[in-house]
>>> print(open('my_file08.txt').read())   # compact mmCIF, C-alpha atoms
# COMPACT_ATOMS: atom_id res chain seq x y z
CA MET S 1 54.45 -11.79 -56.92
CA THR S 2 55.58 -8.85 -54.84
CA PRO S 3 58.32 -9.83 -52.42
CA GLN S 4 57.66 -9.14 -48.78
CA PRO S 5 59.91 -6.52 -47.23
CA PRO S 6 62.54 -8.15 -44.99
CA ASP S 7 61.68 -8.36 -41.31
CA ASP S 8 64.02 -7.21 -38.54
CA GLU S 9 65.74 -10.57 -38.21
CA ALA S 10 66.41 -10.79 -41.94
CA LEU S 11 67.99 -7.34 -41.88
CA ILE S 12 70.08 -8.16 -38.84
CA ALA S 13 71.24 -11.39 -40.48
CA ALA S 14 72.20 -9.51 -43.63
CA LEU S 15 74.12 -6.83 -41.74
CA ARG S 16 76.05 -9.38 -39.71
CA LEU S 17 76.68 -11.60 -42.70
CA ALA S 18 78.03 -8.70 -44.73
CA SER S 19 80.22 -7.45 -41.90
CA GLY S 20 81.75 -10.87 -41.32
CA ASN S 21 82.16 -10.41 -37.57
CA ASP S 22 80.32 -13.53 -36.48
CA PRO S 23 82.14 -16.48 -38.03
CA VAL S 24 80.49 -19.90 -37.93
CA PRO S 25 81.99 -21.90 -35.04
CA GLU S 26 83.88 -24.93 -36.29
CA HIS S 27 81.78 -27.37 -34.27
CA VAL S 28 78.65 -26.01 -35.97
CA SER S 29 80.13 -26.58 -39.41
CA ALA S 30 81.37 -30.01 -38.37
CA ALA S 31 77.88 -30.98 -37.21
CA ALA S 32 76.46 -29.79 -40.53
CA ARG S 33 78.96 -31.89 -42.48
CA ALA S 34 78.23 -34.93 -40.29
CA ALA S 35 74.48 -34.58 -40.85
CA PHE S 36 74.92 -35.99 -44.35
CA ALA S 37 75.59 -39.44 -42.88
CA LEU S 38 72.06 -39.40 -41.47
CA ARG S 39 70.30 -39.35 -44.82
CA LEU S 40 67.94 -42.21 -45.59
CA PRO S 41 67.31 -42.39 -49.31
CA GLY S 42 63.89 -43.75 -50.10
CA ALA S 43 62.54 -43.44 -46.57
CA ALA S 44 58.90 -42.56 -46.10
CA MET S 45 58.40 -39.60 -43.82
CA ALA S 46 56.29 -39.87 -40.68
CA ARG S 47 54.86 -36.49 -39.79
CA PRO S 48 53.54 -35.27 -36.48
CA VAL S 49 49.78 -35.19 -36.21
CA ALA S 50 47.56 -33.81 -33.50
CA VAL S 51 46.57 -36.17 -30.74
CA PRO S 52 43.56 -35.48 -28.60
CA ALA S 53 44.85 -34.15 -25.28
CA PRO S 54 43.67 -36.02 -22.21
CA SER S 55 41.01 -33.85 -20.64
CA GLY S 56 41.92 -31.84 -17.60
CA VAL S 57 45.64 -32.49 -18.00
CA ARG S 58 47.98 -29.56 -18.31
CA SER S 59 51.69 -29.07 -18.12
CA ALA S 60 51.81 -30.63 -14.68
CA GLU S 61 52.35 -34.00 -16.35
CA ARG S 62 55.94 -34.61 -17.19
CA ALA S 63 55.50 -36.97 -20.06
CA ARG S 64 54.48 -35.74 -23.48
CA LEU S 65 52.97 -37.65 -26.31
CA ILE S 66 53.70 -37.11 -29.98
CA ARG S 67 52.02 -39.07 -32.71
CA PHE S 68 53.74 -39.49 -36.07
CA ASP S 69 51.81 -40.72 -39.06
CA ALA S 70 53.37 -42.17 -42.22
CA GLY S 71 50.11 -43.26 -43.81
CA ASP S 72 50.48 -47.01 -43.37
CA LEU S 73 52.23 -46.76 -40.01
CA VAL S 74 51.58 -44.73 -36.89
CA LEU S 75 54.10 -44.13 -34.13
CA ASP S 76 53.03 -42.97 -30.71
CA LEU S 77 55.94 -41.64 -28.75
CA GLU S 78 55.96 -40.76 -25.09
CA ILE S 79 58.78 -38.55 -23.93
CA ASP S 80 59.70 -38.40 -20.29
CA PRO S 81 62.51 -36.18 -19.01
CA ALA S 82 64.54 -37.63 -16.17
CA ASP S 83 67.58 -35.94 -14.65
CA GLY S 84 68.23 -33.82 -17.69
CA LEU S 85 68.03 -36.81 -20.01
CA LEU S 86 65.08 -38.20 -21.89
CA ASP S 87 63.33 -41.54 -21.81
CA LEU S 88 61.39 -42.50 -24.90
CA ALA S 89 58.71 -45.14 -25.07
CA GLY S 90 57.06 -45.84 -28.37
CA GLN S 91 54.53 -48.03 -30.06
CA LEU S 92 54.18 -48.73 -33.76
CA LEU S 93 50.78 -49.59 -35.16
CA PRO S 94 50.03 -51.72 -36.98
CA HIS S 95 52.92 -53.97 -35.99
CA PRO S 96 55.42 -53.72 -38.85
CA GLY S 97 56.31 -57.42 -38.70
CA PRO S 98 58.53 -59.78 -36.70
CA ASP S 99 61.74 -58.80 -38.48
CA ALA S 100 61.23 -55.08 -38.17
CA ARG S 101 63.53 -53.10 -35.95
CA VAL S 102 63.60 -49.56 -34.74
CA GLU S 103 66.43 -47.07 -34.65
CA ILE S 104 66.32 -44.09 -32.37
CA ARG S 105 68.72 -41.61 -33.88
CA THR S 106 70.30 -38.48 -32.56
CA PRO S 107 72.97 -36.58 -34.49
CA ARG S 108 75.60 -38.27 -32.32
CA LEU S 109 74.34 -41.75 -31.60
CA THR S 110 71.95 -44.38 -32.86
CA GLU S 111 70.21 -46.92 -30.61
CA SER S 112 68.70 -50.02 -32.19
CA ARG S 113 65.73 -51.84 -30.67
CA ALA S 114 63.64 -54.88 -31.46
CA LEU S 115 59.89 -54.54 -31.11
CA SER S 116 57.75 -56.28 -28.53
CA PRO S 117 54.81 -58.36 -29.81
CA ALA S 118 52.67 -55.30 -29.16
CA GLY S 119 54.97 -53.16 -31.31
CA ARG S 120 56.53 -51.37 -28.36
CA PHE S 121 60.07 -50.23 -27.76
CA ALA S 122 61.85 -48.01 -25.26
CA VAL S 123 65.12 -46.19 -24.92
CA THR S 124 66.39 -44.39 -21.85
CA GLY S 125 68.91 -41.67 -21.13
CA LEU S 126 68.89 -39.88 -24.47
CA PRO S 127 70.49 -36.46 -24.56
CA PRO S 128 68.00 -33.65 -25.17
CA GLY S 129 68.09 -32.22 -28.64
CA TRP S 130 67.31 -33.54 -32.09
CA PHE S 131 66.08 -37.04 -32.63
CA SER S 132 64.36 -39.15 -35.23
CA VAL S 133 62.87 -42.63 -35.01
CA VAL S 134 63.34 -44.94 -37.99
CA CYS S 135 61.49 -48.19 -38.56
CA HIS S 136 63.29 -50.65 -40.83
CA ARG S 137 61.02 -53.20 -42.44
CA PRO S 138 62.57 -56.01 -44.48
CA GLY S 139 61.51 -55.80 -48.09
CA ARG S 140 59.90 -52.40 -47.68
CA SER S 141 61.19 -48.86 -47.54
CA PRO S 142 62.07 -47.56 -44.08
CA VAL S 143 59.85 -45.06 -42.31
CA ALA S 144 61.48 -42.14 -40.54
CA THR S 145 59.93 -39.49 -38.35
CA VAL S 146 60.82 -35.93 -39.23
CA TRP S 147 63.65 -34.64 -37.06
CA THR S 148 62.18 -33.35 -33.84
CA ARG S 149 63.78 -31.38 -31.08
CA ILE S 150 63.09 -31.98 -27.43
CA ARG S 151 64.52 -30.16 -24.50
CA PRO S 152 64.33 -31.27 -20.89
CA MET Q 153 74.55 -20.02 -55.27
CA ILE Q 154 74.67 -23.81 -55.53
CA ASP Q 155 75.13 -25.23 -58.99
CA ARG Q 156 73.41 -28.17 -60.57
CA HIS Q 157 76.60 -30.21 -60.65
CA THR Q 158 77.02 -29.92 -56.86
CA ILE Q 159 73.41 -30.86 -56.26
CA ASP Q 160 73.61 -33.87 -58.52
CA ALA Q 161 76.71 -35.04 -56.65
CA VAL Q 162 75.00 -34.50 -53.28
CA LEU Q 163 71.98 -36.48 -54.43
CA ALA Q 164 74.32 -39.25 -55.54
CA GLY Q 165 75.72 -39.43 -52.01
CA ASP Q 166 78.96 -37.47 -52.47
CA GLN Q 167 80.14 -36.29 -49.07
CA ALA Q 168 82.66 -33.86 -50.59
CA ALA Q 169 79.91 -32.14 -52.54
CA TRP Q 170 77.82 -31.90 -49.37
CA ASP Q 171 80.78 -30.43 -47.52
CA ALA Q 172 81.16 -27.84 -50.26
CA MET Q 173 77.50 -26.96 -49.93
CA VAL Q 174 77.82 -26.68 -46.16
CA LYS Q 175 80.78 -24.37 -46.58
CA ARG Q 176 78.84 -22.19 -48.96
CA LEU Q 177 75.63 -21.99 -46.95
CA SER Q 178 76.88 -22.17 -43.35
CA PRO Q 179 77.43 -18.42 -42.91
CA LEU Q 180 73.91 -17.77 -44.17
CA VAL Q 181 72.38 -20.33 -41.81
CA TRP Q 182 74.44 -19.08 -38.87
CA SER Q 183 73.56 -15.43 -39.42
CA ALA Q 184 69.91 -16.42 -39.75
CA VAL Q 185 69.76 -18.17 -36.38
CA ARG Q 186 71.94 -15.62 -34.59
CA ALA Q 187 69.62 -12.82 -35.66
CA TYR Q 188 67.10 -14.19 -33.19
CA GLY Q 189 69.27 -13.26 -30.26
CA LEU Q 190 70.07 -16.87 -29.37
CA GLY Q 191 73.13 -17.77 -27.35
CA ALA Q 192 75.83 -19.92 -28.90
CA ALA Q 193 74.41 -23.28 -27.78
CA ASP Q 194 70.85 -22.52 -28.88
CA ALA Q 195 72.05 -21.07 -32.16
CA ALA Q 196 74.05 -24.25 -32.81
CA ASP Q 197 70.95 -26.30 -32.05
CA ALA Q 198 68.81 -24.30 -34.47
CA ALA Q 199 71.46 -24.42 -37.20
CA GLN Q 200 71.75 -28.17 -36.82
CA GLY Q 201 67.99 -28.45 -37.13
CA ALA Q 202 68.09 -26.63 -40.44
CA TRP Q 203 70.76 -28.97 -41.80
CA LEU Q 204 68.85 -32.04 -40.62
CA ARG Q 205 65.78 -30.72 -42.43
CA LEU Q 206 67.79 -30.34 -45.60
CA VAL Q 207 69.06 -33.91 -45.24
CA GLU Q 208 65.53 -35.24 -44.89
CA HIS Q 209 64.28 -33.14 -47.80
CA LEU Q 210 67.15 -33.90 -50.15
CA PRO Q 211 65.10 -36.04 -52.50
CA GLY Q 212 62.80 -33.06 -53.04
CA ILE Q 213 65.53 -30.84 -54.41
CA ARG Q 214 64.93 -29.96 -57.99
CA ASP Q 215 65.93 -26.35 -58.23
CA PRO Q 216 69.43 -25.61 -56.90
CA GLU Q 217 68.61 -21.90 -57.04
CA ARG Q 218 66.10 -22.38 -54.26
CA ILE Q 219 68.32 -24.10 -51.72
CA GLY Q 220 69.79 -20.92 -50.26
CA SER Q 221 66.41 -19.36 -49.79
CA TRP Q 222 64.92 -22.56 -48.39
CA MET Q 223 67.78 -22.96 -45.92
CA PHE Q 224 67.52 -19.34 -44.82
CA THR Q 225 63.79 -19.70 -44.25
CA THR Q 226 64.19 -23.05 -42.50
CA ALA Q 227 66.96 -21.79 -40.20
CA ARG Q 228 64.85 -18.76 -39.31
CA ARG Q 229 61.90 -20.93 -38.46
CA GLU Q 230 63.96 -23.19 -36.19
CA ALA Q 231 65.50 -20.18 -34.45
CA SER Q 232 62.17 -18.46 -34.04
CA LEU Q 233 60.62 -21.60 -32.51
CA LEU Q 234 63.56 -21.96 -30.16
CA ARG Q 235 63.33 -18.33 -29.06
CA ARG Q 236 59.65 -18.77 -28.39
CA ARG Q 237 60.20 -22.02 -26.49
CA ASN Q 238 62.88 -20.42 -24.35
CA GLN Q 239 60.14 -18.30 -22.84
CA ASP Q 240 58.29 -21.48 -21.92
CA GLU Q 241 59.87 -23.74 -19.34
CA ARG Q 242 57.80 -26.81 -20.06
CA LEU Q 243 59.11 -29.76 -21.95
CA VAL Q 244 58.08 -29.01 -25.46
CA PRO Q 245 58.38 -31.44 -28.30
CA GLU Q 246 58.63 -29.49 -31.50
CA PRO Q 247 57.31 -31.47 -34.36
CA VAL Q 248 57.55 -28.66 -36.84
CA GLU Q 249 55.98 -29.21 -40.15
CA PRO Q 250 58.54 -28.19 -42.71
CA ASP Q 251 57.74 -27.20 -46.24
CA ASP Q 252 57.26 -30.25 -48.34
CA ARG Q 253 59.73 -29.48 -51.02
CA VAL Q 254 62.91 -27.54 -51.20
CA ASP Q 255 61.47 -25.85 -54.27
CA ALA Q 256 58.54 -24.54 -52.29
CA GLY Q 257 60.20 -21.21 -51.48
CA HIS Q 258 58.56 -17.89 -52.15
CA ALA Q 259 59.86 -14.81 -53.84
CA HIS Q 260 62.07 -13.34 -51.14
CA ALA Q 261 63.38 -9.89 -50.62
CA ASP Q 262 65.76 -11.32 -48.06
CA PRO Q 263 68.82 -9.14 -48.19
CA ALA Q 264 70.78 -11.87 -46.41
CA LEU Q 265 70.58 -13.93 -49.58
CA ALA Q 266 71.63 -11.00 -51.68
CA VAL Q 267 74.64 -10.13 -49.53
CA LEU Q 268 76.17 -13.51 -50.20
CA THR Q 269 77.64 -11.61 -53.10
CA ALA Q 270 80.27 -9.12 -51.95
CA ASP Q 271 78.83 -6.32 -54.07
CA GLU Q 272 75.49 -6.49 -52.35
CA GLY Q 273 77.16 -6.60 -48.94
CA ARG Q 274 79.06 -3.43 -49.73
CA ARG Q 275 75.91 -1.80 -51.03
CA LEU Q 276 74.07 -2.64 -47.83
CA TRP Q 277 76.80 -1.12 -45.69
CA ARG Q 278 77.02 1.99 -47.91
CA THR Q 279 73.34 2.47 -47.17
CA VAL Q 280 73.95 2.12 -43.42
CA GLU Q 281 76.87 4.56 -43.59
CA SER Q 282 74.58 7.12 -45.18
CA MET Q 283 72.17 6.98 -42.23
CA HIS Q 284 72.00 9.58 -39.49
CA GLU Q 285 72.99 8.94 -35.91
CA PRO Q 286 72.25 7.07 -33.79
CA CYS Q 287 71.30 4.56 -36.46
CA ARG Q 288 74.65 4.43 -38.19
CA SER Q 289 76.54 3.67 -34.97
CA LEU Q 290 73.87 1.40 -33.60
CA LEU Q 291 73.69 -0.84 -36.63
CA ARG Q 292 77.46 -0.88 -36.96
CA LEU Q 293 77.87 -1.89 -33.33
CA MET Q 294 75.11 -4.48 -33.54
CA ALA Q 295 76.89 -6.14 -36.44
CA GLN Q 296 80.35 -5.90 -34.94
CA ALA Q 297 79.45 -7.19 -31.48
CA PRO Q 298 77.02 -10.06 -32.01
CA ASP Q 299 77.52 -11.35 -28.47
CA ALA Q 300 77.07 -8.06 -26.66
CA GLY Q 301 74.02 -7.72 -24.45
CA VAL Q 302 71.55 -4.88 -24.61
CA ARG Q 303 73.00 -3.16 -21.57
CA GLN Q 304 76.47 -3.22 -23.04
CA LEU Q 305 75.32 -2.03 -26.45
CA ALA Q 306 73.24 0.76 -24.95
CA GLY Q 307 76.17 1.81 -22.76
CA ARG Q 308 78.53 2.06 -25.69
CA LEU Q 309 75.97 4.10 -27.58
CA GLY Q 310 75.42 6.36 -24.57
CA MET Q 311 71.72 5.65 -24.34
CA PRO Q 312 69.55 4.24 -21.53
CA THR Q 313 69.22 0.45 -21.67
CA GLY Q 314 65.47 0.75 -22.18
CA SER Q 315 65.96 2.89 -25.27
CA TYR Q 316 68.09 0.44 -27.19
CA GLY Q 317 65.30 -1.88 -28.34
CA PRO Q 318 62.91 0.81 -29.59
CA THR Q 319 65.76 2.76 -31.22
CA ARG Q 320 67.01 -0.34 -32.96
CA GLY Q 321 63.49 -0.97 -34.21
CA ARG Q 322 63.25 2.53 -35.66
CA CYS Q 323 66.68 2.24 -37.29
CA LEU Q 324 65.75 -1.07 -38.90
CA ASP Q 325 62.49 0.49 -40.13
CA ARG Q 326 64.48 3.31 -41.68
CA LEU Q 327 66.94 0.92 -43.28
CA ARG Q 328 64.11 -1.19 -44.63
CA ALA Q 329 62.57 1.87 -46.24
CA MET Q 330 65.90 2.89 -47.77
CA LEU Q 331 66.41 -0.58 -49.21
CA ALA Q 332 62.92 -0.83 -50.68
CA PRO Q 333 62.94 -0.89 -54.46
CA GLU Q 334 61.75 2.30 -56.15
CA GLY Q 335 58.02 2.60 -56.30
CA MET Q 336 57.39 0.23 -53.38
CA PRO Q 337 55.23 1.60 -50.59
>>> encode(input="my_file08.txt", output="structure tokens")
Amino acid sequence: MTPQPPDDEALIAALRLASGNDPVPEHVSAAARAAFALRLPGAAMARPVAVPAPSGVRSAERARLIRFDAGDLVLDLEIDPADGLLDLAGQLLPHPGPDARVEIRTPRLTESRALSPAGRFAVTGLPPGWFSVVCHRPGRSPVATVWTRIRP
Amino acid sequence: MIDRHTIDAVLAGDQAAWDAMVKRLSPLVWSAVRAYGLGAADAADAAQGAWLRLVEHLPGIRDPERIGSWMFTTARREASLLRRRNQDERLVPEPVEPDDRVDAGHAHADPALAVLTADEGRRLWRTVESMHEPCRSLLRLMAQAPDAGVRQLAGRLGMPTGSYGPTRGRCLDRLRAMLAPEGMP
């Protein structure tokens, strides 16, 4: 296999890396070290899938919908920015059971929620940035959405 | 780049081994995201995304040799998405679909991976030093002043602001050609 020639960004990265003039900020390294605590061995991954867009709706609507699919579990997540923060409202289908609970994780904080009988949960005032939703099901492996970034 | 022993320890949950891996790969990840012209906060965001991806893909690691290349590619993708989204003011969820496995990398000619060894870094800069002006000065300045804006860079090079981008593009083209292995088009 013939390697592709490096693109501009790869060359720029190499030049900067070799010159050593752009050291990694300590808070960036610290965040990378802390990310290890977020691992979930054995978790099934819920991946984003396309959802049919409501007809005639464009970016005028504030809220956005993402659907994550883990095969035996689907999570619909509505994201609504409010005052620079984010409100999340989700629904898990089929309902993962009465003892299931949901964690909404960001690199800095984790919010835990019980599910309504309809499989719904909500969390308000999340900081924009990376998040993942994890569903813990007693006796079964947890399901985690891939890390997803949202900005207000 | 990362040895099997370190990977085994990381997979077993050893924070110290993870920290060692972060220390080894952080400069690569940072240079990858910064190459997209992102400011400090956005670059930090993209770098964090790459590390979170590695955390979620840890069970897929089989080939330690591939981690550097996978992280470089992943960091570049996060940075590229962020740069694109910055030009779009709407709220944009970014459910990127990462490669399934850490081993799924391709054969890369990425010089950034090569320059993790000091010899290759020196070789790269010897090539730059052998270039004609304005390329030699431009590439030197670009590397030395990662936070400088186009206007500032152009001013220091004595060229109109509008010329910096196209000139940089030509210099990178020239460098790319000089770095190409013998016999490559």
>>> closest_residue(input="my_file08.txt", among="S:Pro117, S:Pro127, S:Pro107, S:Pro6", to="Leu88 in chain S", atoms="only C-alpha atoms")
S:Pro127
>>> residues_near_point(input="my_file08.txt", point="(68.6, -19.3, -45.6)", cutoff="12 Å", atoms="only C-alpha atoms", output="PDB file with C-alpha atoms, in the coordinates of the input")
ATOM      1  CA  GLU S   9      65.740 -10.570 -38.210  1.00  0.00           C
ATOM      2  CA  ALA S  10      66.410 -10.790 -41.940  1.00  0.00           C
ATOM      3  CA  ALA S  13      71.240 -11.390 -40.480  1.00  0.00           C
ATOM      4  CA  ALA S  14      72.200  -9.510 -43.630  1.00  0.00           C
ATOM      5  CA  LEU S  17      76.680 -11.600 -42.700  1.00  0.00           C
TER       6      LEU S  17
ATOM      7  CA  MET Q 153      74.550 -20.020 -55.270  1.00  0.00           C
ATOM      8  CA  VAL Q 174      77.820 -26.680 -46.160  1.00  0.00           C
ATOM      9  CA  ARG Q 176      78.840 -22.190 -48.960  1.00  0.00           C
ATOM     10  CA  LEU Q 177      75.630 -21.990 -46.950  1.00  0.00           C
ATOM     11  CA  SER Q 178      76.880 -22.170 -43.350  1.00  0.00           C
ATOM     12  CA  PRO Q 179      77.430 -18.420 -42.910  1.00  0.00           C
ATOM     13  CA  LEU Q 180      73.910 -17.770 -44.170  1.00  0.00           C
ATOM     14  CA  VAL Q 181      72.380 -20.330 -41.810  1.00  0.00           C
ATOM     15  CA  TRP Q 182      74.440 -19.080 -38.870  1.00  0.00           C
ATOM     16  CA  SER Q 183      73.560 -15.430 -39.420  1.00  0.00           C
ATOM     17  CA  ALA Q 184      69.910 -16.420 -39.750  1.00  0.00           C
ATOM     18  CA  VAL Q 185      69.760 -18.170 -36.380  1.00  0.00           C
ATOM     19  CA  ALA Q 187      69.620 -12.820 -35.660  1.00  0.00           C
ATOM     20  CA  ALA Q 199      71.460 -24.420 -37.200  1.00  0.00           C
ATOM     21  CA  ALA Q 202      68.090 -26.630 -40.440  1.00  0.00           C
ATOM     22  CA  TRP Q 203      70.760 -28.970 -41.800  1.00  0.00           C
ATOM     23  CA  LEU Q 206      67.790 -30.340 -45.600  1.00  0.00           C
ATOM     24  CA  GLU Q 217      68.610 -21.900 -57.040  1.00  0.00           C
ATOM     25  CA  ARG Q 218      66.100 -22.380 -54.260  1.00  0.00           C
ATOM     26  CA  ILE Q 219      68.320 -24.100 -51.720  1.00  0.00           C
ATOM     27  CA  GLY Q 220      69.790 -20.920 -50.260  1.00  0.00           C
ATOM     28  CA  SER Q 221      66.410 -19.360 -49.790  1.00  0.00           C
ATOM     29  CA  TRP Q 222      64.920 -22.560 -48.390  1.00  0.00           C
ATOM     30  CA  MET Q 223      67.780 -22.960 -45.920  1.00  0.00           C
ATOM     31  CA  PHE Q 224      67.520 -19.340 -44.820  1.00  0.00           C
ATOM     32  CA  THR Q 225      63.790 -19.700 -44.250  1.00  0.00           C
ATOM     33  CA  THR Q 226      64.190 -23.050 -42.500  1.00  0.00           C
ATOM     34  CA  ALA Q 227      66.960 -21.790 -40.200  1.00  0.00           C
ATOM     35  CA  ARG Q 228      64.850 -18.760 -39.310  1.00  0.00           C
ATOM     36  CA  ARG Q 229      61.900 -20.930 -38.460  1.00  0.00           C
ATOM     37  CA  GLU Q 230      63.960 -23.190 -36.190  1.00  0.00           C
ATOM     38  CA  ALA Q 231      65.500 -20.180 -34.450  1.00  0.00           C
ATOM     39  CA  VAL Q 254      62.910 -27.540 -51.200  1.00  0.00           C
ATOM     40  CA  GLY Q 257      60.200 -21.210 -51.480  1.00  0.00           C
ATOM     41  CA  HIS Q 260      62.070 -13.340 -51.140  1.00  0.00           C
ATOM     42  CA  ALA Q 261      63.380  -9.890 -50.620  1.00  0.00           C
ATOM     43  CA  ASP Q 262      65.760 -11.320 -48.060  1.00  0.00           C
ATOM     44  CA  PRO Q 263      68.820  -9.140 -48.190  1.00  0.00           C
ATOM     45  CA  ALA Q 264      70.780 -11.870 -46.410  1.00  0.00           C
ATOM     46  CA  LEU Q 265      70.580 -13.930 -49.580  1.00  0.00           C
ATOM     47  CA  ALA Q 266      71.630 -11.000 -51.680  1.00  0.00           C
ATOM     48  CA  VAL Q 267      74.640 -10.130 -49.530  1.00  0.00           C
ATOM     49  CA  LEU Q 268      76.170 -13.510 -50.200  1.00  0.00           C
TER      50      LEU Q 268
END
>>> atom_distance(input="my_file08.txt", atom1="CA of Ile12 in chain S", atom2="CA of Arg186 in chain Q")
8.8 Å
>>> closest_atom_pairs(input="my_file08.txt", of="chain S", to="chain Q", cutoff="8 Å", atoms="all atoms listed in the file", output="JSON lines")
{"residue": "S:Met1", "atom": "CA", "partner": "Q:Ala259", "partner_atom": "CA", "distance": 6.9}
{"residue": "S:Thr2", "atom": "CA", "partner": "Q:Ala259", "partner_atom": "CA", "distance": 7.4}
{"residue": "S:Pro3", "atom": "CA", "partner": "Q:His260", "partner_atom": "CA", "distance": 5.3}
{"residue": "S:Gln4", "atom": "CA", "partner": "Q:Ala261", "partner_atom": "CA", "distance": 6.1}
{"residue": "S:Pro5", "atom": "CA", "partner": "Q:Ala261", "partner_atom": "CA", "distance": 5.9}
{"residue": "S:Pro6", "atom": "CA", "partner": "Q:Asp262", "partner_atom": "CA", "distance": 5.5}
{"residue": "S:Asp8", "atom": "CA", "partner": "Q:Leu324", "partner_atom": "CA", "distance": 6.4}
{"residue": "S:Glu9", "atom": "CA", "partner": "Q:Ala187", "partner_atom": "CA", "distance": 5.2}
{"residue": "S:Ala10", "atom": "CA", "partner": "Q:Asp262", "partner_atom": "CA", "distance": 6.2}
{"residue": "S:Leu11", "atom": "CA", "partner": "Q:Pro263", "partner_atom": "CA", "distance": 6.6}
{"residue": "S:Ile12", "atom": "CA", "partner": "Q:Ala187", "partner_atom": "CA", "distance": 5.7}
{"residue": "S:Ala13", "atom": "CA", "partner": "Q:Ser183", "partner_atom": "CA", "distance": 4.8}
{"residue": "S:Ala14", "atom": "CA", "partner": "Q:Ala264", "partner_atom": "CA", "distance": 3.9}
{"residue": "S:Leu15", "atom": "CA", "partner": "Q:Ala295", "partner_atom": "CA", "distance": 6.0}
{"residue": "S:Arg16", "atom": "CA", "partner": "Q:Ala295", "partner_atom": "CA", "distance": 4.7}
{"residue": "S:Leu17", "atom": "CA", "partner": "Q:Ser183", "partner_atom": "CA", "distance": 5.9}
{"residue": "S:Ala18", "atom": "CA", "partner": "Q:Gly273", "partner_atom": "CA", "distance": 4.8}
{"residue": "S:Ser19", "atom": "CA", "partner": "Q:Ala295", "partner_atom": "CA", "distance": 6.5}
{"residue": "S:Asn21", "atom": "CA", "partner": "Q:Gln296", "partner_atom": "CA", "distance": 5.5}
{"residue": "S:Asp22", "atom": "CA", "partner": "Q:Pro298", "partner_atom": "CA", "distance": 6.6}
{"residue": "S:Pro23", "atom": "CA", "partner": "Q:Pro179", "partner_atom": "CA", "distance": 7.1}
{"residue": "S:Val24", "atom": "CA", "partner": "Q:Pro179", "partner_atom": "CA", "distance": 6.0}
{"residue": "S:Val28", "atom": "CA", "partner": "Q:Ala196", "partner_atom": "CA", "distance": 5.9}
{"residue": "S:Ser29", "atom": "CA", "partner": "Q:Ser178", "partner_atom": "CA", "distance": 6.7}
{"residue": "S:Ala31", "atom": "CA", "partner": "Q:Gln200", "partner_atom": "CA", "distance": 6.8}
{"residue": "S:Ala32", "atom": "CA", "partner": "Q:Trp203", "partner_atom": "CA", "distance": 5.9}
{"residue": "S:Arg33", "atom": "CA", "partner": "Q:Asp171", "partner_atom": "CA", "distance": 5.6}
{"residue": "S:Ala35", "atom": "CA", "partner": "Q:Leu204", "partner_atom": "CA", "distance": 6.2}
{"residue": "S:Phe36", "atom": "CA", "partner": "Q:Val207", "partner_atom": "CA", "distance": 6.3}
{"residue": "S:Leu38", "atom": "CA", "partner": "Q:Val207", "partner_atom": "CA", "distance": 7.3}
{"residue": "S:Arg39", "atom": "CA", "partner": "Q:Val207", "partner_atom": "CA", "distance": 5.6}
{"residue": "S:Leu40", "atom": "CA", "partner": "Q:Glu208", "partner_atom": "CA", "distance": 7.4}
{"residue": "S:Pro41", "atom": "CA", "partner": "Q:Pro211", "partner_atom": "CA", "distance": 7.4}
{"residue": "S:Arg47", "atom": "CA", "partner": "Q:Glu249", "partner_atom": "CA", "distance": 7.4}
{"residue": "S:Pro48", "atom": "CA", "partner": "Q:Pro247", "partner_atom": "CA", "distance": 5.8}
{"residue": "S:Ser59", "atom": "CA", "partner": "Q:Arg242", "partner_atom": "CA", "distance": 6.8}
{"residue": "S:Arg62", "atom": "CA", "partner": "Q:Leu243", "partner_atom": "CA", "distance": 7.5}
{"residue": "S:Arg64", "atom": "CA", "partner": "Q:Pro245", "partner_atom": "CA", "distance": 7.5}
{"residue": "S:Ile66", "atom": "CA", "partner": "Q:Pro245", "partner_atom": "CA", "distance": 7.5}
{"residue": "S:Pro81", "atom": "CA", "partner": "Q:Leu243", "partner_atom": "CA", "distance": 7.8}
{"residue": "S:Gly129", "atom": "CA", "partner": "Q:Asp197", "partner_atom": "CA", "distance": 7.4}
{"residue": "S:Trp130", "atom": "CA", "partner": "Q:Gly201", "partner_atom": "CA", "distance": 7.2}
{"residue": "S:Val146", "atom": "CA", "partner": "Q:Glu208", "partner_atom": "CA", "distance": 7.4}
{"residue": "S:Trp147", "atom": "CA", "partner": "Q:Leu204", "partner_atom": "CA", "distance": 6.8}
{"residue": "S:Thr148", "atom": "CA", "partner": "Q:Pro247", "partner_atom": "CA", "distance": 5.2}
{"residue": "S:Arg149", "atom": "CA", "partner": "Q:Glu246", "partner_atom": "CA", "distance": 5.5}
{"residue": "S:Ile150", "atom": "CA", "partner": "Q:Pro245", "partner_atom": "CA", "distance": 4.8}
{"residue": "S:Arg151", "atom": "CA", "partner": "Q:Leu243", "partner_atom": "CA", "distance": 6.0}
{"residue": "S:Pro152", "atom": "CA", "partner": "Q:Leu243", "partner_atom": "CA", "distance": 5.5}
>>> atom_distance(input="my_file08.txt", atom1="CA of Gly139 in chain S", atom2="CA of Arg113 in chain S")
18.4 Å
>>> atom_distance(input="my_file08.txt", atom1="CA of Asp215 in chain Q", atom2="CA of Ala37 in chain S")
22.4 Å
>>> axis_aligned_box(input="my_file08.txt", around="range 5-8 of chain S", padding_each_side="8 Å", output="AutoDock Vina command-line options")
--center_x 62.0 --center_y -7.4 --center_z -42.9 --size_x 20.1 --size_y 17.8 --size_z 24.7
>>> residues_around(input="my_file08.txt", residues="Val134 in chain S", least_positions_apart="5", cutoff="8 Å", atoms="all atoms listed in the file", output="PyMOL selection string")
chain S and resi 102-105+142-145
>>> closest_residue(input="my_file08.txt", among="S:Gly119, S:Pro25, S:Gly20, S:Gly125", to="Gly97 in chain S", atoms="all atoms listed in the file")
S:Gly119
